[in-house]
Amino acid sequence: MRANKVISIGAHRLAILVYVVVALFPLYWLLKVSVTPNDLLYSEGVRMWPSRMTFDHFSFVIAHSAFPVFFKNSLIVAGSTAVVVTILASLSGYALSRFDFKAKYWIVGLMLLTQMFPLVMLVAPIFKMLSPLGLTNSLTGLVVVYTAFNVPFATFLMQSFFDGIPKDLEEAAMIDGASRFVAFRQIILPLTLPGVAATLGFVFTAAWSELLFALMLISGNDAATFPVGLLTFVSKFSVDFGQMMAAGVLALIPACVFFLLIQRYLVQGLTAGAVKG
């Protein structure tokens, strides 16, 4: 029995190790190519690490390309979208969790309906709506579009966290004289910080890496985000893999820093409800 238990634990840990290696290997290869000189990219064949390293790709991307502009635009769009969506999702999720009203299930149904359509078929109608408003080729337009597409899922995510908080807490506060908004802000919202962090992380990642709408709605480099900017390293006859991978490595930094800042709350949010009682 003990031997079977040891084998089971060993197999479980081996499976986790294999999963981690498979998941992280593309990131490792991204870093490897970014520090490989151009003359070694093809001449050395497939190697786990280049025989000679260079940081010329990083220096070119930072000092001689438009990537800093793309980087700034992505930070503005992803950060603004994450904050706006989280605020809207918190309020709407609280309403769906705490109130029963006549059109509640119709609203939920419509929100679910918005998640059923392929994004490709919505590009043309969205462009047609934003164009008269002057929101094409604009960071504001991207924030509006990303907010519209992320609010439904974020609302359901926040609703699940509010459902896990007893109504008695806010009712007790309201009996003591607090308004519903005060009870929400001072009692309920602090208890849902893990949910807020999880929502922020999800929305920030989705907006940070989105390509389709950024490519279709933005026509110039001044408002392009980094996923679109990566395409500038692809020319008609060649692809500068070194510079593209260096830009990709730099683009990972904000997402990594963001998740490090919210890591404590994010772990609580992802594991909330996993253990009953």
# chains A, B, ... in the order shown; residues from 1 in each chain; ligands from 1
>>> residues_around(residues="A:Leu191", least_positions_apart="4", cutoff="10 Å", atoms="only C-alpha atoms", output="number ranges by chain")
A: 161-162, 164-165, 184-187, 195-196
>>> write_last_selection(atoms="N, CA and C atoms", output="CSV table (one decimal), in the first residue's frame")
chain,number,residue,atom,x,y,z
A,161,PHE,N,-18.5,35.8,-6.7
A,161,PHE,CA,-17.9,36.2,-5.4
A,161,PHE,C,-18.9,36.8,-4.5
A,162,PHE,N,-19.7,37.7,-5.0
A,162,PHE,CA,-20.8,38.3,-4.1
A,162,PHE,C,-21.7,37.2,-3.6
A,164,GLY,N,-21.0,34.4,-2.7
A,164,GLY,CA,-20.4,33.6,-1.6
A,164,GLY,C,-20.3,34.4,-0.3
A,165,ILE,N,-20.8,35.7,-0.3
A,165,ILE,CA,-20.8,36.5,0.9
A,165,ILE,C,-22.2,36.6,1.5
A,184,PHE,N,-21.9,48.4,1.1
A,184,PHE,CA,-21.2,47.8,-0.1
A,184,PHE,C,-19.7,48.2,-0.1
A,185,ARG,N,-19.4,49.5,0.1
A,185,ARG,CA,-18.1,50.0,0.0
A,185,ARG,C,-17.2,49.6,1.2
A,186,GLN,N,-17.7,49.6,2.4
A,186,GLN,CA,-16.9,49.4,3.6
A,186,GLN,C,-16.9,47.9,4.1
A,187,ILE,N,-17.9,47.1,3.7
A,187,ILE,CA,-18.0,45.8,4.2
A,187,ILE,C,-17.9,44.7,3.1
A,195,GLY,N,-11.7,38.6,-5.6
A,195,GLY,CA,-12.5,38.6,-6.8
A,195,GLY,C,-12.1,39.8,-7.7
A,196,VAL,N,-11.9,40.9,-7.1
A,196,VAL,CA,-11.5,42.1,-7.8
A,196,VAL,C,-10.1,41.9,-8.5
>>> residues_around(residues="A:Ile87", least_positions_apart="3", cutoff="12 Å", atoms="only C-alpha atoms", output="PDB file with N, CA and C atoms, in the first residue's frame")
ATOM      1  N   SER A  80      -6.611  51.018 -18.568  1.00  0.00           N
ATOM      2  CA  SER A  80      -7.911  51.699 -18.538  1.00  0.00           C
ATOM      3  C   SER A  80      -9.049  50.690 -18.636  1.00  0.00           C
ATOM      4  N   THR A  81      -8.909  49.723 -19.532  1.00  0.00           N
ATOM      5  CA  THR A  81      -9.954  48.712 -19.692  1.00  0.00           C
ATOM      6  C   THR A  81     -10.134  47.902 -18.419  1.00  0.00           C
ATOM      7  N   ALA A  82      -9.033  47.492 -17.805  1.00  0.00           N
ATOM      8  CA  ALA A  82      -9.117  46.682 -16.582  1.00  0.00           C
ATOM      9  C   ALA A  82      -9.828  47.444 -15.470  1.00  0.00           C
ATOM     10  N   VAL A  83      -9.502  48.714 -15.296  1.00  0.00           N
ATOM     11  CA  VAL A  83     -10.116  49.501 -14.219  1.00  0.00           C
ATOM     12  C   VAL A  83     -11.596  49.728 -14.491  1.00  0.00           C
ATOM     13  N   VAL A  84     -11.932  50.159 -15.714  1.00  0.00           N
ATOM     14  CA  VAL A  84     -13.336  50.453 -16.050  1.00  0.00           C
ATOM     15  C   VAL A  84     -14.190  49.192 -15.956  1.00  0.00           C
ATOM     16  N   SER A  90     -18.167  45.052 -10.883  1.00  0.00           N
ATOM     17  CA  SER A  90     -18.439  44.995  -9.441  1.00  0.00           C
ATOM     18  C   SER A  90     -19.848  45.484  -9.135  1.00  0.00           C
ATOM     19  N   LEU A  91     -20.230  46.595  -9.754  1.00  0.00           N
ATOM     20  CA  LEU A  91     -21.561  47.148  -9.502  1.00  0.00           C
ATOM     21  C   LEU A  91     -22.661  46.247 -10.071  1.00  0.00           C
ATOM     22  N   SER A  92     -22.467  45.808 -11.325  1.00  0.00           N
ATOM     23  CA  SER A  92     -23.498  44.967 -11.948  1.00  0.00           C
ATOM     24  C   SER A  92     -23.539  43.579 -11.323  1.00  0.00           C
ATOM     25  N   GLY A  93     -22.375  43.026 -10.962  1.00  0.00           N
ATOM     26  CA  GLY A  93     -22.349  41.732 -10.293  1.00  0.00           C
ATOM     27  C   GLY A  93     -23.036  41.777  -8.944  1.00  0.00           C
ATOM     28  N   TYR A  94     -22.846  42.884  -8.230  1.00  0.00           N
ATOM     29  CA  TYR A  94     -23.525  43.050  -6.934  1.00  0.00           C
ATOM     30  C   TYR A  94     -25.032  43.131  -7.129  1.00  0.00           C
ATOM     31  N   THR A 147     -13.982  47.095 -23.337  1.00  0.00           N
ATOM     32  CA  THR A 147     -14.876  47.148 -22.184  1.00  0.00           C
ATOM     33  C   THR A 147     -16.186  46.428 -22.484  1.00  0.00           C
ATOM     34  N   ASN A 150     -15.671  42.617 -22.453  1.00  0.00           N
ATOM     35  CA  ASN A 150     -15.205  41.981 -21.222  1.00  0.00           C
ATOM     36  C   ASN A 150     -16.157  42.137 -20.052  1.00  0.00           C
ATOM     37  N   VAL A 151     -17.060  43.113 -20.104  1.00  0.00           N
ATOM     38  CA  VAL A 151     -17.970  43.345 -18.987  1.00  0.00           C
ATOM     39  C   VAL A 151     -18.869  42.137 -18.690  1.00  0.00           C
ATOM     40  N   ALA A 154     -16.843  39.391 -16.877  1.00  0.00           N
ATOM     41  CA  ALA A 154     -16.376  39.922 -15.600  1.00  0.00           C
ATOM     42  C   ALA A 154     -17.531  40.089 -14.622  1.00  0.00           C
ATOM     43  N   THR A 155     -18.713  40.424 -15.120  1.00  0.00           N
ATOM     44  CA  THR A 155     -19.892  40.557 -14.256  1.00  0.00           C
ATOM     45  C   THR A 155     -20.261  39.225 -13.622  1.00  0.00           C
ATOM     46  N   MET A 158     -17.661  38.398 -10.954  1.00  0.00           N
ATOM     47  CA  MET A 158     -17.862  39.119  -9.700  1.00  0.00           C
ATOM     48  C   MET A 158     -19.122  38.664  -8.986  1.00  0.00           C
ATOM     49  N   ARG A 185     -19.436  49.473   0.116  1.00  0.00           N
ATOM     50  CA  ARG A 185     -18.061  49.968   0.003  1.00  0.00           C
ATOM     51  C   ARG A 185     -17.196  49.566   1.185  1.00  0.00           C
ATOM     52  N   LEU A 189     -17.217  45.063  -0.323  1.00  0.00           N
ATOM     53  CA  LEU A 189     -16.124  45.194  -1.288  1.00  0.00           C
ATOM     54  C   LEU A 189     -14.775  44.716  -0.747  1.00  0.00           C
ATOM     55  N   GLY A 195     -11.704  38.569  -5.577  1.00  0.00           N
ATOM     56  CA  GLY A 195     -12.461  38.581  -6.827  1.00  0.00           C
ATOM     57  C   GLY A 195     -12.107  39.764  -7.693  1.00  0.00           C
ATOM     58  N   VAL A 196     -11.912  40.919  -7.075  1.00  0.00           N
ATOM     59  CA  VAL A 196     -11.504  42.112  -7.819  1.00  0.00           C
ATOM     60  C   VAL A 196     -10.150  41.880  -8.483  1.00  0.00           C
ATOM     61  N   ALA A 197      -9.222  41.269  -7.739  1.00  0.00           N
ATOM     62  CA  ALA A 197      -7.901  40.993  -8.302  1.00  0.00           C
ATOM     63  C   ALA A 197      -7.984  40.007  -9.457  1.00  0.00           C
ATOM     64  N   THR A 199     -10.531  39.514 -11.418  1.00  0.00           N
ATOM     65  CA  THR A 199     -11.146  40.207 -12.544  1.00  0.00           C
ATOM     66  C   THR A 199     -10.165  41.152 -13.207  1.00  0.00           C
ATOM     67  N   LEU A 200      -9.427  41.895 -12.410  1.00  0.00           N
ATOM     68  CA  LEU A 200      -8.402  42.790 -12.959  1.00  0.00           C
ATOM     69  C   LEU A 200      -7.389  42.012 -13.789  1.00  0.00           C
ATOM     70  N   VAL A 203      -9.018  40.696 -17.162  1.00  0.00           N
ATOM     71  CA  VAL A 203      -9.305  41.748 -18.141  1.00  0.00           C
ATOM     72  C   VAL A 203      -8.011  42.374 -18.652  1.00  0.00           C
TER      73      VAL A 203
END
>>> residues_around(residues="A:Ser74", least_positions_apart="4", cutoff="7 Å", atoms="only C-alpha atoms", output="ChimeraX atom specification")
/A:70,78,208,225-226
>>> closest_residue(among="A:Ala246, A:Leu41, A:Val228, A:Ile262", to="A:Phe58", atoms="only C-alpha atoms")
A:Ala246
>>> select_by_dssp(residues="stretch 2-199 of chain A", states="helix (DSSP H, G or I)", output="JSON, numbers by chain")
{"A": [2, 3, 4, 5, 6, 7, 8, 9, 10, 11, 12, 13, 14, 15, 16, 17, 18, 19, 20, 21, 22, 23, 24, 25, 26, 27, 28, 29, 30, 31, 32, 33, 34, 38, 39, 40, 41, 56, 57, 58, 59, 60, 61, 62, 63, 67, 68, 69, 70, 71, 72, 73, 74, 75, 76, 77, 78, 79, 80, 81, 82, 83, 84, 85, 86, 87, 88, 89, 90, 91, 92, 93, 94, 95, 96, 97, 98, 104, 105, 106, 107, 108, 109, 110, 111, 112, 113, 114, 119, 120, 121, 122, 123, 124, 125, 126, 127, 128, 129, 130, 131, 132, 133, 139, 140, 141, 142, 143, 144, 145, 146, 147, 148, 149, 150, 151, 152, 153, 154, 155, 156, 157, 158, 159, 160, 161, 162, 163, 167, 168, 169, 170, 171, 172, 173, 174, 175, 180, 181, 182, 183, 184, 185, 186, 187, 188, 189, 190, 191, 193, 194, 195, 196, 197, 198, 199]}
>>> atom_distance(atom1="atom CA of A:Leu24", atom2="atom CA of A:Ser209")
17.6 Å
>>> closest_residue(among="A:Gln243, A:Asn4, A:Thr136, A:Ser179", to="A:Ile218", atoms="only C-alpha atoms")
A:Thr136
>>> atom_distance(atom1="atom CA of A:Phe153", atom2="atom CA of A:Phe202")
9.8 Å
>>> closest_residue(among="A:Tyr42, A:Phe156, A:Tyr19, A:Phe67", to="A:Ala247", atoms="only C-alpha atoms")
A:Phe67
>>> residues_around(residues="stretch 25-30 of chain A", least_positions_apart="2", cutoff="9 Å", atoms="only C-alpha atoms", output="VMD selection string")
chain A and resid 20 to 23 32 to 34 48 to 49 245 to 246 248 to 249
>>> atom_distance(atom1="atom CA of A:Phe55", atom2="atom CA of A:Phe258")
24.9 Å
>>> closest_residue(among="A:Ala198, A:Leu215, A:Cys256, A:Met116", to="A:Phe149", atoms="only C-alpha atoms")
A:Met116
